[in-house]
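Asker: After the structure tokens below, expect a handful of questions from me.
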Amino acid sequence: MRRHSVFKTLFLALLFAVACVGAFSAKAQNAVKATVTTPRVQAELMAYAPDGINPGATVWVGLQLQHAPEWHTYWKNSGDSGLPTELQWTLPAGIQAGDIAWPLPRKIPIGTLANYGYEGTVLLPVPLEISSAFKPPLLGSEVEIRLKAAWLVCRKECIPEEGEFALKLPVRGSTALNSSIFLAAQAAQPKALPVGSTVVVNGEQLEVRVTGLPKAVQGQTLTLYPETPEVIHTAADIQQSWQGSVWTARVPLSVHRSESPAQMPLVLATLGSNADAPRQGFRTVAEVTTPWPPVAAPAAIAPELQAALAANVTAPLAPASGVTLVAALMGALLGGLILNLMPCVFPVLALKVVGFARHGQDRRALRLGGLAYAAGVVLSFLALGALMLGLRAAGAQLGWGFQLQSPLMVAGLALLFTLIGLNLAGLFNVGNLLPSRVASVQLQHSGWNDFLSGVLAVAIASPCTAPFMGASLGLAVGLPAPQALLIFATLGLGMALPYLLASLTPGIAQWLPKPGLWMEQLRRFMAFPMLATVVWLVWVLGQQTGINGAAALLALLLGVSAVLWTFSLTGWARPLLATLSVAALALLTGAIGQNILNIEPANTSVVNADSVWQPWSRDKVQQAHAQGRPVMVDFTAAWCVTCQYNKLTTLSDASVLADLQAKQVTLLRADWTRRDPAITAALAELGRSGVPVYVLLKPGRAPVVLSEVLAVDDLRSAIAAL
């Protein structure tokens with residue numbers, strides 16, 4: 001019987017994972033292109049450098065947005081709602097990006113409100129200043145420009161989108177393919193007006209006086225776009241007139257005014273003969289010559305509440321109340337305990353039974369193994385929680401289980417479980433592959449095996465939300481970091497607690513059978529649940545990248561298995577076949593590895609003809625409520641085992657479906673398999689940060705959030721109460 005621990009395979013797994021991640025990451029970087037396409041926007045990074053890139057010159061780059069019909073993005077002042085497009089540049093040393101040279105927007109009416117934005121096609125140009133510190137690359141004749149852009153695209157509903165772009169520009173050659181687009185954008189830029197414009201605050205109105213406008217536009221009706229947000233009534237009509245060459249206007253103040261600027265940058269534009277006709281634009285900075293009235297609180301808010309809100313603006317984030325925090329900790333502890341019952345965790349826990357038997361009657365080894373396993377679980381939960389909180393603080397829309405929204409992470413876990421399964425089945429022995437020094441260290445410090453098994457358990461268990469976990473995690477993302485991390489640590493403690501208590505119980509060793517041949521047979525049997533986990537992970541990847549991604553992963557896993565087999569050979573065949581298999585795996589990775597990273601866009605317009613569930617959107621919820629119909633939303637993901645269990649049992653139960661039909665409930669499914677900021681935001685509104693979440697919505701009532709593990713009777717009772 002092999003004496004090496006099952007979990008020594010993790011060390012080899014890490015070596016393979018690093019190699020494959022490096023190959024995949026290189027493919028991912030090459031896959032970053034100049035164009036990103038979504039169902040609503042085609043975004044393309046463009047450049048205009050007719051004379052190359054020289055110190056002292058100005059090069060223009062820009063993001064062109066082509067909107068689908070009826071969709072729009074926003075200007076620097078978005079109006080009554082919305083957010084402007086944000087650009088984050090990664091540039092070579094000596095190159096500095098300026099601000100967006102915002103083109104003329106249009107006013108977009110939305111009911112009683114109005115926004116400022118862009119429809120059709122628009123270019124957002126940005127100047128790049130080439131300083132004397134810029135040094136051309138020693139090797140090669142190109143520099144790479146990288147951009148990470150985020151935009152909010154709206155119709156009736158709004159969807160946050162983002163993209164990463166890369167463009168290589170020749171240092172000395174010409175980049176003028178898009179010259180007509182940039183020249184047209186520069187010609188359409190608002191022209192600067194001479195100083196002398198003023199703004200007078202007169203009661204609830206602004207009296208705007210603009211001088212220096214050219215004779216060609218004098219007498220025309222103009223549109224006003226203030227760059228300062230939340231000052232004027234955006235949707236209101238303005239009263240304008242000409243006094244010789246001076247344009248004057250009376251503009252209503254916003255009832256929700258929050259700014260009192262001393263200067264107001266204003267953009268004026270001619271109307272144009274039609275929506276596509278070119279317009280002339282002008283920009284001035286007007287001096288505000290009178291004091292602003294105090295910013296009034298909305299009439300619907302009592303003075304006492306307004307004072308409290310004002311105090312909260314400058315107050316630090318308050319810690320949760322003791323009762324709330326204690327309840328969240330209890331929920332986290334219970335949720336962690338229940339995680340041990342999740343089907344995806346069974347293979348790892350079964351291996352812990354083998355670990356118990358391996359230690360046999362050695363009580364000290366049992367205690368150390370239990371402590372090491374608990375440390376691995378708790379520290380892993382802390383690391384995941386800290387990473388999620390940090391990314392959310394940086395603006396990313398993420399929730400619990402975010403790691404399996406990455407195809408690269410799914411593929412890495414599939415590789416890891418394949419290696420463990422093959423090791424358990426006896427295809428290879430880690431001790432024969434690792435250097436003897438590493439193997440001896442492993443034998444002397446076997447606690448690392450238990451620690452790594454705790455990390456592995458968290459990696460496979462964390463994507464799902466067990467009962468009692470949902471509310472605790474939802475509260476954690478809104479708490480100060482120390483309290484939030486305490487909740488994550490308690491969650492890990494709950495998951496590790498059964499094994500920890502068993503390892504510390506003196507009589508536990510008496511219940512264990514003595515080591516023998518049965519351990520070797522159990523060890524080989526445990527390869528099957530490990531490989532079953534790989535099947536699940538491949539299916540998850542297929543939901544994200546399509547059949548090509550799943551097939552590519554299977555082919556690469558087969559290649560890895562062949563490599564391991566060749567390393568187990570002896571004699572002259574080992575170096576020859578091992579070299580050939582490694583080369584074949586490298587070629588295969590280069591040929592099809594990128595398929596694992598190519599996420600297919602979610603097609604929310606297509607559903608199965610026999611399905612009673614429709615893809616979720618806020619617009620569909622509003623439509624159902626407008627018809628007086630209640631809504632049930634299933635927040636789910638392919639990588640959530642609890643979600644799939646509920647879907648195949650309770651949500652497919654004939655009596656449940658009959659009750660839903662009798663109540664005319666609209667059934668919507670929010671699939672979070674891929675990263676979806678809209679679904680993340682909807683979960684946050686319900687006080688949740690992970691799936692599964694099941695909610696019943698009825699017009700005029702508060703949402704009813706159901707348990708993470710659905711029971712038929714409980715769901716039918718909730719439906720009957722609608």
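By convention here, the chains of the structure tokens are called A, B, ... in the order presented, each chain's residues are numbered starting at 1, and ligands are numbered starting at 1 in the order presented.
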Pick out the residues sitting within 9 Å of Leu65 (chain A), and hand them over as a PyMOL selection string; count only C-alpha atoms, and ignore anything fewer than 3 positions along from it in its own chain.

Answerer: chain A and resi 41-44+73+118-124

Asker: Can you write just those residues out, C-alpha atoms, as a PDB file, in the first residue's frame?

Answerer:
```pdb
ATOM      1  CA  VAL A  41     -23.389  48.261 -27.787  1.00  0.00           C
ATOM      2  CA  GLN A  42     -20.433  47.680 -30.060  1.00  0.00           C
ATOM      3  CA  ALA A  43     -17.439  49.419 -28.494  1.00  0.00           C
ATOM      4  CA  GLU A  44     -14.185  49.901 -30.416  1.00  0.00           C
ATOM      5  CA  THR A  73     -25.238  56.003 -23.007  1.00  0.00           C
ATOM      6  CA  TYR A 118     -25.785  59.701 -26.985  1.00  0.00           C
ATOM      7  CA  GLU A 119     -27.692  57.492 -29.375  1.00  0.00           C
ATOM      8  CA  GLY A 120     -26.545  56.013 -32.671  1.00  0.00           C
ATOM      9  CA  THR A 121     -22.741  56.198 -33.007  1.00  0.00           C
ATOM     10  CA  VAL A 122     -20.476  58.439 -30.954  1.00  0.00           C
ATOM     11  CA  LEU A 123     -16.711  58.735 -30.505  1.00  0.00           C
ATOM     12  CA  LEU A 124     -15.293  59.728 -27.107  1.00  0.00           C
TER      13      LEU A 124
END
```

Asker: Please extract the residues of region 534-702 of chain A with a backbone DSSP assignment of helix (DSSP H, G or I) and present them as number ranges by chain.

Answerer: A: 534-567, 573-596, 618-626, 641-648, 650-652, 654-662, 677-685

Asker: Just to confirm, what's the straight-line distance from CA of Ala68 (chain A) to CA of Pro103 (chain A) in Å (one decimal)?

Answerer: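 Separation between CA of Ala68 (chain A) and CA of Pro103 (chain A): 18.9 Å.
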
Asker: Excluding same-chain residues fewer than 5 positions from Leu722 (chain A), what lies within 10 Å of it counting only C-alpha atoms, as a list of chain:residue names?

Answerer: A:Pro630, A:Val631, A:Leu660, A:Lys663, A:Val665, A:Leu696, A:Leu697, A:Lys698, A:Arg701, A:Val704, A:Ser717

Asker: Please write the residues from the selection above to a file, keeping N, CA and C atoms, as a compact mmCIF listing (two decimals), in the first residue's frame.

Answerer:
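This is the output file again-v1.txt:
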```
# COMPACT_ATOMS: atom_id res chain seq x y z
N PRO A 630 -48.52 38.53 -9.82
CA PRO A 630 -47.34 38.33 -8.95
C PRO A 630 -46.21 37.68 -9.74
N VAL A 631 -45.00 37.76 -9.18
CA VAL A 631 -43.80 37.26 -9.85
C VAL A 631 -43.01 36.40 -8.87
N LEU A 660 -48.74 27.66 -8.89
CA LEU A 660 -48.24 28.88 -9.53
C LEU A 660 -49.12 29.29 -10.70
N LYS A 663 -52.45 30.83 -9.51
CA LYS A 663 -52.30 32.20 -9.03
C LYS A 663 -51.80 33.15 -10.13
N VAL A 665 -48.88 33.33 -11.57
CA VAL A 665 -47.58 33.86 -11.18
C VAL A 665 -46.65 33.84 -12.40
N LEU A 696 -40.73 35.91 -3.90
CA LEU A 696 -42.07 36.14 -4.43
C LEU A 696 -42.37 37.63 -4.34
N LEU A 697 -42.79 38.21 -5.46
CA LEU A 697 -43.05 39.65 -5.55
C LEU A 697 -44.51 39.87 -5.95
N LYS A 698 -45.19 40.67 -5.17
CA LYS A 698 -46.57 41.02 -5.48
C LYS A 698 -46.73 42.52 -5.36
N ARG A 701 -46.81 44.82 -1.98
CA ARG A 701 -46.34 44.05 -0.82
C ARG A 701 -44.82 43.98 -0.81
N VAL A 704 -41.08 38.55 -0.53
CA VAL A 704 -41.02 37.39 0.36
C VAL A 704 -39.85 36.53 -0.10
N SER A 717 -47.24 26.87 0.59
CA SER A 717 -47.84 27.77 1.59
C SER A 717 -47.59 29.23 1.23
```

Asker: Rank A:Val217, A:Leu486, A:Ala372, A:Val255 by their smallest atom-to-atom distance to Val326 (chain A), using only C-alpha atoms, and report the top residue only.

Answerer: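 Residue with the minimum atom-to-atom distance to Val326 (chain A): A:Leu486.
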
Asker: If DSSP is run on the backbone, what residues of region 45-201 of chain A are strand (DSSP E or B)? A reply as a ChimeraX atom specification would be ideal.

Answerer: /A:45-49,58-67,72-79,86-90,95-97,106-110,113-118,121-130,142-154,158-170,175,191-192,198-201
